[in-house]
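Presented below is the structure to which this report refers.
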Amino acid sequence: MSTPYAKLPAWADYGLIPLINLSVAFIVAGFVVMLVGENPFRAAVILVEGAFGKGTGIAFTLFYATTFIFTGLSVAVAAHCSLFNIGTEGQAYIGGLGIALVCLSFDSVLPWWAIFPMAIVAAAVFGAAWGFIPAYLQAKRGSHIVITTIMFNFIAASVMVYLLVGALKPAGSQAPQTRNFLPGAELPKLNWIIELFGAKIRSAPLNICFLLALVMAFLVWLLIWRTKLGYEMRTYGHSPKAARYAGISETRIILTAMMISGALAGMMALNPVMGDQHNVAIDFVSGAGYVGIAVALMGRLHPVGIVLAAILFGMLYQGGAELAFEMPAISRDMIVIIQGLVILFAGALEHMFRPYIQALFASFSPKSVGMQAVNGKGA
Amino acid sequence: MAQAAIELIGINKSFGAVRANRDINLEVARGTIHGIVGENGAGKSTLMSILYGFYQADSGEIRVGGKPVSISTSNDAIALGIGMVHQHFMLVDNFTVLENVILGAENDALLKSSIAKARSELERLEREYGLEVDPDAIIEELPVGLQQRVEILEALYRGAEILILDEPTGVLTPAEADHLFRILKQLKEQGKTIVLITHKLREIMAITDTVSVMRQGTMVATRVTKETTVGELAELMVGRRVLLRVEKGQSEAGAIKLSVKNLTVKDQRGVTMVDDVSFDVRGGEIVGIAGVAGNGQSELLEAISGIRHAVSGEVMLEGKPVDLTGKADPGELRDRGLAHVPEDRHHVGLVLAFEENENSILGYHDDERYLKGPFLKVDAIMADARDKIEKYDIRPGNPRLKTANFSGGNQQKIVLAREMEQDPGVLIVGQPTRGVDVGAIEFIHKRLIAMRDQGKAVLVVSVELDEIRSLSDRILVMFAGRIVGERGPEATEGELGLLMAGVEHQEAAQ
Amino acid sequence: MDVFNAIVQVLDSTIRLSVPLLLACLAGLYSERAGIFDIGLEGKMLVGAFAGAAAASVFHSALIGLGMAILISVAFAMVHGFASITHRGNQIVSGVAINFVAAGSTIILGQAWFQQGGRTPALQPGERFEAIVWPGAEAVRDVPILGPIYAELISGHSILVYFAFAMVPFTWWVLFRTRFGLRMRAVGENPAAVDTAGISVAWLRYRALICTGVLTGVAGAYLSMVQNGGFVKDMTAGKGYIALAALIFAKWKPVNAMFACLLFGFLDAAAIRLQGSPLPIIGKVPVQFMQALPYVLTVILLAGFIGKAIPPRAGGVPYVKER
């Protein structure tokens with residue numbers, strides 16, 4: 001994903017432009033709020049207060065952010081290898097299946113700290129497996145990974161519904177979900193951290209998956225920029241021919257990248273399943289995989305950016321819930337619109353304002369927008 | 001003096017800080033063939049793109065048939081009777097010839113009448129100019145020479161009076177090129193004006209009436225072809241006497257380091273690209289492979305370096321065989337002392353989006369010098385990059401800079417530094433100086449000879465005959481996938497040219 | 001005779017269920033043939049469905065509803081064009097964004113305007129497209145075999161159904177017999193060739209996207225104004241993606257598209273019809289299996305196990321003028 005444009009200083013590239021894109025997304029969202037007949041400024045205040053005003057709000061914000069860190073990292077790892085993994089949604093769903101199997105088997109006999117590692121592995125393995133098939137089809141059969149992963153999201157949904165209304169549903173129950181896990185499969189909360197700062201928390205699902213997500217973000221950074229594998233993934237991502245020349249196996253690198261991506265997606269399921277609901281229910285992923293696309297784009301595929309973007313989206317989710325409560329005309333679906341707008345302006349239209357910014361920079365100091373002999377020009 | 005078909009007056013065009021054309025004046029007389037020569041990057045294509053409405057000039061005036069015109073789209077150019085045959089054909093590969101010819105020149109909203117008209121028009125053009133081609137053939141199934149003919153037909157169908165050809169012979173076999181020149185002469189006799197862009201002086205001398213020389217974005221001279229010489233044009237192109245020969249001593253050939261036996265390679269379509277090729281390269285010699293582009297040289301290099309699958313044959317590197325199944329690990333070959341400077345540095349030899357230091361380990365990234373377990377040793381990689389920057393005078397000397405921001409010559413030096421500094425036994429180089437400025441060419445040639453003098457086996461493939469003659473201790477000529485001759489460095493240009501054109505080969509076949 | 005009637009009924013609902021797929025699939029065909037990937041079919045259908053039902057209900061006119069459906073759907077298509085043609089953004093990303101905006105805004109606006117939990121008011125007669133009964137349909141109903149076929153399968157659909165099927169030969173004709181079709185196919189294969197032929201790549205692609213918008217608008221209108229008597233949130237329920245699958249399955253050809261959509265519609269109809277009842281020989285087939293089958297089939301096709309689906313070559317790549 002290279003840019004056909006000239007260089008800007010790094011702070012403009014990674015700070016200013018995303019900020020402008022984000023602002024535009026919010027301004028457009030503000031118009032939608034006006035269309036509904038509410039005051040966008042008041043809505044913004046409610047949203048931010050709802051997300052950060054009270055301890056409970058912060059805890060919820062970070063709980064949602066945890067989910068989005070996983071899916072954002074998942075999308076980003078694949079994207080560094082120039083693979084557009086739209087299948088994060090389905091991989092997370094299937095990851096939940098792995099967790100369910102572990103928890104349902106062991107929750108009566110083992111404590112959480114013994115089950116948690118097993119559940120992590122199961123979630124990662126199931127997610128990775130669901131990412132493996134599209135990756136294999138792309139590497140060996142040349143199927144377009146975007147299309148295949150979309151198809152696999154729907155197939156995953158069918159598989160999970162089949163299991164949740166069948167084999168996984170406890171006898172006599174009507175709800176399409178597993179039985180509730182015993183305390184052995186419930187993860188410890190992290191709310192005490194926020195309480196350390198003096199805030200009061202009623203009940204919030206923030207749990208140790210948040211720490212796991214931060215660890216994974218660091219590991220992803222290490223992987224992409226500090227390991228041979230990451231170097232190879234980026235090489236392939238920029239130029240498959242250069243990768244072939246450098247002795248990097250196309251099949252191996254596609255499979256590896258997609259399995260890591262799938263594993264991260266699968267691990268997302270730990271947060272809602274073991275940290276909050278304590279069961280696996282139909283559609284528990286509820287679009288978090290797609291949010292991961294927005295988060296990864298917003299965060300410019302860098303783990304630090306992804307964590308920040310995930311917190312932003314966590315804020316939207318939590319603040320959006322408050323907003324729905326305070327302004328009846330605005331339901332939580334407002335968040336879906338904002339998500340869409342962020343993806344549009346930070347993703348598809350990310351270069352819209354760049355020429356103007358460049359012109360602006362050039363008018364201040366022509367040298368800062370150095371156009372060295374960019375290849376392909378003047379031939 | 002015939003009336004001018006085209007006049008360009010004071011044309012300027014910049015891309016950012018790069019001034020591709022500066023203050024260009026050009027006059028092309030009606031009914032003549034006018035050549036424009038210059039090195040890669042001299043601004044020839046940009047100038048013609050301005051004339052064809054693909055780019056707009058920053059300033060300057062264009063006159064066609066004496067009248068000032070403004071050409072802001074290709075449409076304007078077409079309406080003024082200007083047609084262009086592009087270096088990379090602008091054809092829709094899965095369309096028929098007819099569909100391509102009418103694309104953009106349809107009569108009305110329905111295709112029926114356009115197709116009928118085009119069919120009869122193509123028949124007429126075929127009669128008048130000998131431009132034979134099956135109107136219902138699918139483009140991708142036609143040989144390259146015929147595809148180019150379709151481009152010419154497209155221009156003529158649109159009523160072109162002025163035809164611009166951009167490097168038309170780069171992809172052609174000598175026979176196809178000759179045919180093209182016959183067609184061009186015929187077009188000239190019919191009163192068409194032809195502008196031929198090339199960097200091949202031989203073509204200029206063979207076919208043009210007048211010739212203009214461009215250098216670094218400026219028009220340095222215009223000559224009547226009959227009154228000039230190849231030497232004068234070459235000098236005008238580079239601005240000083242070309243160093244046709246790099247100083248070098250006698251080669252002291254040692255043991256065979258690279259041996260190719262009966263190698264046959266087919267491309268994706270199953271066409272034989274390398275046909276039963278055998279040769280050896282010894283330590284301490286440079287073997288040059290000459291040939292017109294597309295005669296199997298690229299495939300040969302790829303097969304030797306383990307990137308491309310070979311159908312049959314054997315390649316021995318330092319006495320041990322190379323896996324030719326196409327599944328060879330280029331990394332393993334590197335370990336065995338094979339260094340490869342690929343033809344296409346933009347997509348193969350470099351990752352342009354990487355920082356310079358990252359590219360300086362590409363292919364050697366699993367060398368233990370740069371690794372600690374699965375992790376990269378960033379400091380070691382950086383130090384290594386700085387070292388190479390200094391030794392090879394790579395500018396700007398910043399290892400954190402994105403590779404795309406280096407000039408062609410410096411990019412090539414990044415690749416060469418990487419490959420040469422690994423101290424390989426065998427070095428294979430594709431197009432060592434393509435798109436490289438003159439100063440860097442000399443540097444690169446000297447480095448290659450230094451490698452030879454250290455006892456390495458060097459294999460060079462180049463479409464530049466001068467380069468081959470200046471570097472090589474032995475010259476192999478490739479034509480249609482076969483090695484059709486071997487000559488010493490003293491071989492004349494004419495002699496090699498005949499071989500490259502496949503003349504002896506064809507005679508032998510008969 | 002019961003079996004025969006059951007078959008006619010399944011085929012009848014096959015037609016009804018495949019119409020939105022067919023319209024969306026042909027919509028996708030226009031944009032993808034022009035080199036613009038469009039995974040935003042789903043979203044455009046959804047806004048079409050909402051705008052159609054909302055306008056029909058407010059203005060008491062099915063035609064105004066249809067017009068609004070098309071208008072809004074085209075507007076969304078233009079956003080996709082603005083991002084992916086004018087600003088050369090990533091087409092997949094833009095499509096995802098459109099789906100999100102559509103999903104959220106239909107609910108928010110629906111709730112704000114009609115206060116029925118994201119629904120639009122139930123459409124009254126005159127506000128929706130009614131079935132057209134063909135002459136003599138009732139009279140021949142009792143004729144064995146042909147009677148039910150004429151009365152059930154051919155007669156008794158709304159105008160939009162006939163429109164959808166008429167679009168198949170029309171699209172073929174546009175694609176292969178008109179100047180626009182020739183240029184559109186060319187721009188999807190090699191935009192540089194189109195550019196040098198003096199034709200605007202951007203304008204051509206925008207026009208293809210307008211066609212896409214019109215058809216997704218009609219598809220949406222069909223959902224909310226024919227199949228259902230009003231808009232319900234998320235009523236497209238993945239149909240845009242199935243249409244995308246059908247498009248690949250059809251190898252980007254109009255007539256194939258019709259058969260692919262009929263096949264996927266049939267699977268859907270059969271799944272509904274079978275609901276738990278066992279089939280001879282195979283036994284009981286899970287509904288979910290039938291629902292997943294279109295996706296599975298598409299994956300298998302894409303993997304080249306049955307034929308090879310080669311998309312338009314310039315698809316998904318923004319056109320950058322360069323030499």
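Chain labels A, B, ... are given in the sequence in which chains occur in the structure tokens; within each chain residues are numbered consecutively from 1, and ligands are likewise numbered from 1 in the order shown.
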Just want the 10 Å neighbourhood of Gln250 in chain B, counted on only C-alpha atoms, with same-chain residues fewer than 5 positions away dropped. Output as a PDB file with C-alpha atoms, in the first residue's frame.
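Listed below is the output, result_14.pdb:
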ATOM      1  CA  GLY B 284      38.385 -14.292 -13.851  1.00  0.00           C
ATOM      2  CA  GLU B 285      36.363 -13.696 -17.003  1.00  0.00           C
ATOM      3  CA  ASP B 453      40.125  -9.245 -11.693  1.00  0.00           C
ATOM      4  CA  ASP B 473      36.095 -11.211 -22.539  1.00  0.00           C
TER       5      ASP B 473
END
Could the residues of range 257-335 of chain A that have an atom at most 9 Å from range 121-127 of chain A be listed as a Markdown table, each with its closest atom pair and the distance in Å to one decimal, counting only C-alpha atoms and ordered by chain and ascending residue number?
| residue | atom | partner | partner_atom | distance |
| --- | --- | --- | --- | --- |
| A:Met259 | CA | A:Gly127 | CA | 7.6 |
| A:Ile260 | CA | A:Ala124 | CA | 8.2 |
| A:Ser261 | CA | A:Gly127 | CA | 8.2 |
| A:Gly262 | CA | A:Gly127 | CA | 4.6 |
| A:Ala263 | CA | A:Ala124 | CA | 3.8 |
| A:Leu264 | CA | A:Ala124 | CA | 6.4 |
| A:Ala265 | CA | A:Gly127 | CA | 6.2 |
| A:Gly266 | CA | A:Gly127 | CA | 4.2 |
| A:Met267 | CA | A:Ala123 | CA | 5.2 |
| A:Met268 | CA | A:Ala123 | CA | 8.2 |
| A:Ala269 | CA | A:Ala123 | CA | 7.2 |
| A:Leu270 | CA | A:Ala123 | CA | 7.3 |
Per-residue DSSP, range 275-337 of chain A, filtered to alpha helix (DSSP H), as number ranges by chain
A: 288-298, 303-326, 333-337
Output for the residues just chosen: N, CA and C atoms as a compact mmCIF listing (two decimals), in the first residue's frame:
# COMPACT_ATOMS: atom_id res chain seq x y z
N ALA A 288 -17.42 -7.00 15.16
CA ALA A 288 -16.12 -6.54 15.66
C ALA A 288 -15.01 -6.79 14.63
N GLY A 289 -15.18 -7.85 13.84
CA GLY A 289 -14.18 -8.13 12.81
C GLY A 289 -14.11 -7.02 11.79
N TYR A 290 -15.27 -6.49 11.41
CA TYR A 290 -15.29 -5.39 10.44
C TYR A 290 -14.75 -4.11 11.06
N VAL A 291 -15.05 -3.93 12.37
CA VAL A 291 -14.49 -2.77 13.05
C VAL A 291 -12.96 -2.84 12.99
N GLY A 292 -12.44 -4.07 13.04
CA GLY A 292 -10.99 -4.25 12.97
C GLY A 292 -10.40 -3.62 11.72
N ILE A 293 -11.16 -3.65 10.62
CA ILE A 293 -10.67 -3.02 9.39
C ILE A 293 -10.50 -1.52 9.62
N ALA A 294 -11.53 -0.92 10.24
CA ALA A 294 -11.47 0.51 10.52
C ALA A 294 -10.31 0.83 11.46
N VAL A 295 -10.16 -0.01 12.49
CA VAL A 295 -9.11 0.23 13.48
C VAL A 295 -7.72 0.12 12.83
N ALA A 296 -7.55 -0.90 12.03
CA ALA A 296 -6.25 -1.09 11.39
C ALA A 296 -5.93 0.08 10.46
N LEU A 297 -6.92 0.53 9.71
CA LEU A 297 -6.69 1.64 8.79
C LEU A 297 -6.39 2.93 9.55
N MET A 298 -7.21 3.18 10.55
CA MET A 298 -7.03 4.35 11.40
C MET A 298 -5.63 4.34 12.01
N PRO A 303 0.95 -1.10 15.50
CA PRO A 303 0.31 -1.51 16.76
C PRO A 303 -0.02 -0.33 17.67
N VAL A 304 0.86 0.66 17.77
CA VAL A 304 0.55 1.80 18.64
C VAL A 304 -0.69 2.53 18.13
N GLY A 305 -0.70 2.75 16.83
CA GLY A 305 -1.87 3.39 16.23
C GLY A 305 -3.11 2.55 16.41
N ILE A 306 -2.94 1.23 16.32
CA ILE A 306 -4.09 0.34 16.45
C ILE A 306 -4.66 0.40 17.86
N VAL A 307 -3.80 0.40 18.86
CA VAL A 307 -4.28 0.49 20.24
C VAL A 307 -5.05 1.80 20.43
N LEU A 308 -4.48 2.90 19.92
CA LEU A 308 -5.16 4.19 20.06
C LEU A 308 -6.50 4.18 19.32
N ALA A 309 -6.49 3.66 18.10
CA ALA A 309 -7.72 3.62 17.32
C ALA A 309 -8.75 2.72 18.00
N ALA A 310 -8.28 1.62 18.59
CA ALA A 310 -9.20 0.70 19.26
C ALA A 310 -9.85 1.40 20.46
N ILE A 311 -9.06 2.20 21.17
CA ILE A 311 -9.63 2.93 22.32
C ILE A 311 -10.66 3.94 21.81
N LEU A 312 -10.33 4.58 20.68
CA LEU A 312 -11.30 5.51 20.09
C LEU A 312 -12.62 4.81 19.79
N PHE A 313 -12.52 3.63 19.17
CA PHE A 313 -13.74 2.91 18.83
C PHE A 313 -14.42 2.36 20.08
N GLY A 314 -13.62 1.99 21.09
CA GLY A 314 -14.19 1.58 22.36
C GLY A 314 -15.00 2.72 22.95
N MET A 315 -14.43 3.90 22.83
CA MET A 315 -15.12 5.09 23.31
C MET A 315 -16.44 5.28 22.57
N LEU A 316 -16.40 5.12 21.26
CA LEU A 316 -17.62 5.27 20.47
C LEU A 316 -18.67 4.27 20.92
N TYR A 317 -18.24 3.03 21.16
CA TYR A 317 -19.21 2.00 21.54
C TYR A 317 -19.82 2.30 22.89
N GLN A 318 -18.94 2.61 23.85
CA GLN A 318 -19.44 2.87 25.20
C GLN A 318 -20.23 4.19 25.22
N GLY A 319 -19.61 5.25 24.68
CA GLY A 319 -20.28 6.54 24.66
C GLY A 319 -21.57 6.47 23.85
N GLY A 320 -21.55 5.65 22.80
CA GLY A 320 -22.74 5.49 21.95
C GLY A 320 -23.89 4.90 22.74
N ALA A 321 -23.56 3.97 23.64
CA ALA A 321 -24.60 3.37 24.47
C ALA A 321 -25.23 4.43 25.38
N GLU A 322 -24.38 5.27 25.96
CA GLU A 322 -24.87 6.37 26.79
C GLU A 322 -25.76 7.30 25.97
N LEU A 323 -25.26 7.57 24.76
CA LEU A 323 -25.94 8.50 23.87
C LEU A 323 -27.35 7.98 23.56
N ALA A 324 -27.44 6.69 23.29
CA ALA A 324 -28.73 6.10 22.96
C ALA A 324 -29.69 6.26 24.14
N PHE A 325 -29.11 6.22 25.33
CA PHE A 325 -29.91 6.35 26.53
C PHE A 325 -30.41 7.79 26.72
N GLU A 326 -29.49 8.74 26.45
CA GLU A 326 -29.81 10.15 26.67
C GLU A 326 -30.65 10.75 25.54
N ASP A 333 -26.90 2.45 16.71
CA ASP A 333 -26.54 2.32 15.29
C ASP A 333 -25.82 3.55 14.77
N MET A 334 -25.91 4.64 15.52
CA MET A 334 -25.14 5.83 15.18
C MET A 334 -23.66 5.47 15.07
N ILE A 335 -23.24 4.56 15.95
CA ILE A 335 -21.84 4.15 15.95
C ILE A 335 -21.48 3.47 14.64
N VAL A 336 -22.44 2.69 14.15
CA VAL A 336 -22.19 1.99 12.89
C VAL A 336 -21.94 3.00 11.77
N ILE A 337 -22.72 4.07 11.80
CA ILE A 337 -22.52 5.12 10.79
C ILE A 337 -21.13 5.74 10.95
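Compared by their closest atoms to Arg234 in chain A, and using only C-alpha atoms, the residues B:Val378, B:Val311, B:Ala353, B:Met237 rank with B:Ala353 nearest.
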Kindly determine which residues of chain B lie within 12 Å of chain C, considering only C-alpha atoms, and give the answer as a VMD selection string.
chain B and resid 15 41 43 to 46 48 to 49 52 to 55 71 to 79 82 to 96 98 to 115 151 154 to 155 157 to 158 166
Computed interatomic separation between CA of Arg202 in chain A and CA of Phe60 in chain A (Å)
10.8 Å
Excluding Ile254 in chain A and residues on its chain fewer than 3 positions from it, collect all residues at most 12 Å away from it, counting only C-alpha atoms, and give them as an mmCIF file with N, CA and C atoms, in the first residue's frame.
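The result, written out as result-v6.cif:
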data_model
loop_
_atom_site.group_PDB
_atom_site.id
_atom_site.type_symbol
_atom_site.label_atom_id
_atom_site.label_comp_id
_atom_site.auth_asym_id
_atom_site.auth_seq_id
_atom_site.Cartn_x
_atom_site.Cartn_y
_atom_site.Cartn_z
ATOM 1 N N VAL A 77 -1.816 -7.413 10.470
ATOM 2 C CA VAL A 77 -0.772 -8.400 10.172
ATOM 3 C C VAL A 77 -0.942 -8.914 8.744
ATOM 4 N N ALA A 78 -2.182 -9.222 8.375
ATOM 5 C CA ALA A 78 -2.422 -9.688 7.009
ATOM 6 C C ALA A 78 -2.093 -8.588 6.010
ATOM 7 N N ALA A 79 -2.460 -7.353 6.355
ATOM 8 C CA ALA A 79 -2.257 -6.253 5.415
ATOM 9 C C ALA A 79 -0.769 -5.986 5.167
ATOM 10 N N HIS A 80 0.071 -6.208 6.168
ATOM 11 C CA HIS A 80 1.510 -6.031 5.946
ATOM 12 C C HIS A 80 2.021 -7.007 4.896
ATOM 13 N N CYS A 81 1.302 -8.096 4.732
ATOM 14 C CA CYS A 81 1.673 -9.078 3.715
ATOM 15 C C CYS A 81 0.796 -8.877 2.470
ATOM 16 N N SER A 82 0.200 -7.679 2.362
ATOM 17 C CA SER A 82 -0.720 -7.290 1.286
ATOM 18 C C SER A 82 -1.874 -8.264 1.101
ATOM 19 N N LEU A 83 -2.340 -8.833 2.210
ATOM 20 C CA LEU A 83 -3.518 -9.692 2.141
ATOM 21 C C LEU A 83 -4.653 -8.950 2.838
ATOM 22 N N PHE A 84 -5.757 -8.779 2.165
ATOM 23 C CA PHE A 84 -6.884 -8.085 2.771
ATOM 24 C C PHE A 84 -7.772 -9.117 3.429
ATOM 25 N N ASN A 85 -7.604 -9.260 4.726
ATOM 26 C CA ASN A 85 -8.370 -10.268 5.454
ATOM 27 C C ASN A 85 -9.681 -9.666 5.946
ATOM 28 N N GLY A 131 -8.487 -19.175 9.021
ATOM 29 C CA GLY A 131 -7.735 -18.304 8.115
ATOM 30 C C GLY A 131 -6.888 -19.114 7.134
ATOM 31 N N PHE A 132 -6.572 -20.327 7.541
ATOM 32 C CA PHE A 132 -5.682 -21.147 6.723
ATOM 33 C C PHE A 132 -6.303 -21.503 5.372
ATOM 34 N N ILE A 133 -7.604 -21.838 5.394
ATOM 35 C CA ILE A 133 -8.205 -22.338 4.147
ATOM 36 C C ILE A 133 -8.200 -21.269 3.053
ATOM 37 N N PRO A 134 -8.704 -20.057 3.322
ATOM 38 C CA PRO A 134 -8.605 -19.019 2.281
ATOM 39 C C PRO A 134 -7.153 -18.742 1.871
ATOM 40 N N ALA A 135 -6.243 -18.790 2.847
ATOM 41 C CA ALA A 135 -4.835 -18.545 2.529
ATOM 42 C C ALA A 135 -4.312 -19.626 1.597
ATOM 43 N N TYR A 136 -4.663 -20.866 1.907
ATOM 44 C CA TYR A 136 -4.221 -21.976 1.067
ATOM 45 C C TYR A 136 -4.789 -21.820 -0.340
ATOM 46 N N LEU A 137 -6.072 -21.459 -0.421
ATOM 47 C CA LEU A 137 -6.706 -21.319 -1.736
ATOM 48 C C LEU A 137 -6.078 -20.165 -2.521
ATOM 49 N N GLN A 138 -5.678 -19.116 -1.817
ATOM 50 C CA GLN A 138 -5.014 -18.013 -2.505
ATOM 51 C C GLN A 138 -3.620 -18.429 -2.978
ATOM 52 N N ALA A 139 -2.875 -19.082 -2.092
ATOM 53 C CA ALA A 139 -1.488 -19.415 -2.415
ATOM 54 C C ALA A 139 -1.399 -20.493 -3.472
ATOM 55 N N LYS A 140 -2.265 -21.484 -3.370
ATOM 56 C CA LYS A 140 -2.133 -22.639 -4.258
ATOM 57 C C LYS A 140 -3.071 -22.592 -5.459
ATOM 58 N N GLY A 142 -4.919 -19.634 -6.384
ATOM 59 C CA GLY A 142 -5.088 -18.291 -6.936
ATOM 60 C C GLY A 142 -6.449 -17.663 -6.700
ATOM 61 N N ILE A 145 -8.352 -13.558 -2.130
ATOM 62 C CA ILE A 145 -8.551 -13.773 -0.686
ATOM 63 C C ILE A 145 -9.691 -12.918 -0.129
ATOM 64 N N LEU A 229 10.793 -13.001 10.009
ATOM 65 C CA LEU A 229 9.493 -13.321 9.438
ATOM 66 C C LEU A 229 8.748 -12.053 9.031
ATOM 67 N N GLY A 230 8.782 -11.055 9.902
ATOM 68 C CA GLY A 230 8.110 -9.794 9.596
ATOM 69 C C GLY A 230 8.729 -9.128 8.381
ATOM 70 N N GLU A 232 10.166 -10.609 5.975
ATOM 71 C CA GLU A 232 9.742 -11.373 4.796
ATOM 72 C C GLU A 232 8.296 -11.054 4.426
ATOM 73 N N MET A 233 7.456 -10.911 5.451
ATOM 74 C CA MET A 233 6.055 -10.574 5.172
ATOM 75 C C MET A 233 5.957 -9.223 4.485
ATOM 76 N N ARG A 234 6.715 -8.253 4.989
ATOM 77 C CA ARG A 234 6.662 -6.924 4.374
ATOM 78 C C ARG A 234 7.224 -6.944 2.965
ATOM 79 N N THR A 235 8.292 -7.712 2.777
ATOM 80 C CA THR A 235 8.856 -7.812 1.428
ATOM 81 C C THR A 235 7.805 -8.348 0.471
ATOM 82 N N TYR A 236 7.157 -9.440 0.871
ATOM 83 C CA TYR A 236 6.132 -10.007 0.001
ATOM 84 C C TYR A 236 4.987 -9.014 -0.185
ATOM 85 N N GLY A 237 4.654 -8.324 0.898
ATOM 86 C CA GLY A 237 3.553 -7.363 0.843
ATOM 87 C C GLY A 237 3.803 -6.260 -0.159
ATOM 88 N N PRO A 240 5.776 -9.145 -4.510
ATOM 89 C CA PRO A 240 5.905 -10.601 -4.540
ATOM 90 C C PRO A 240 7.118 -11.054 -5.356
ATOM 91 N N ALA A 243 10.173 -10.831 -3.334
ATOM 92 C CA ALA A 243 10.183 -11.896 -2.338
ATOM 93 C C ALA A 243 10.684 -13.202 -2.957
ATOM 94 N N ILE A 248 12.108 -16.046 -0.631
ATOM 95 C CA ILE A 248 11.007 -16.161 0.321
ATOM 96 C C ILE A 248 9.886 -16.951 -0.352
ATOM 97 N N SER A 249 9.479 -18.038 0.284
ATOM 98 C CA SER A 249 8.449 -18.876 -0.333
ATOM 99 C C SER A 249 7.089 -18.208 -0.231
ATOM 100 N N GLU A 250 6.456 -18.030 -1.379
ATOM 101 C CA GLU A 250 5.159 -17.360 -1.439
ATOM 102 C C GLU A 250 4.118 -18.115 -0.608
ATOM 103 N N THR A 251 4.061 -19.408 -0.824
ATOM 104 C CA THR A 251 3.067 -20.207 -0.117
ATOM 105 C C THR A 251 3.259 -20.101 1.391
ATOM 106 N N ALA A 257 1.234 -15.674 7.404
ATOM 107 C CA ALA A 257 0.620 -14.383 7.720
ATOM 108 C C ALA A 257 -0.866 -14.560 8.021
ATOM 109 N N MET A 258 -1.543 -15.349 7.205
ATOM 110 C CA MET A 258 -2.987 -15.503 7.415
ATOM 111 C C MET A 258 -3.286 -16.298 8.680
ATOM 112 N N MET A 259 -2.406 -17.232 9.016
ATOM 113 C CA MET A 259 -2.662 -17.996 10.238
ATOM 114 C C MET A 259 -2.422 -17.132 11.474
ATOM 115 N N ILE A 260 -1.390 -16.271 11.411
ATOM 116 C CA ILE A 260 -1.183 -15.346 12.534
ATOM 117 C C ILE A 260 -2.381 -14.409 12.633
ATOM 118 N N SER A 261 -2.806 -13.909 11.474
ATOM 119 C CA SER A 261 -3.960 -13.017 11.443
ATOM 120 C C SER A 261 -5.198 -13.721 12.011
ATOM 121 N N GLY A 262 -5.417 -14.950 11.568
ATOM 122 C CA GLY A 262 -6.574 -15.715 12.048
ATOM 123 C C GLY A 262 -6.476 -15.999 13.540
#
For chain B against chain A, which residues fall within 6 Å using only C-alpha atoms, given as a ChimeraX atom specification?
/B:16,20,41,43,329-331,347-349,362-363,374-376,405,407
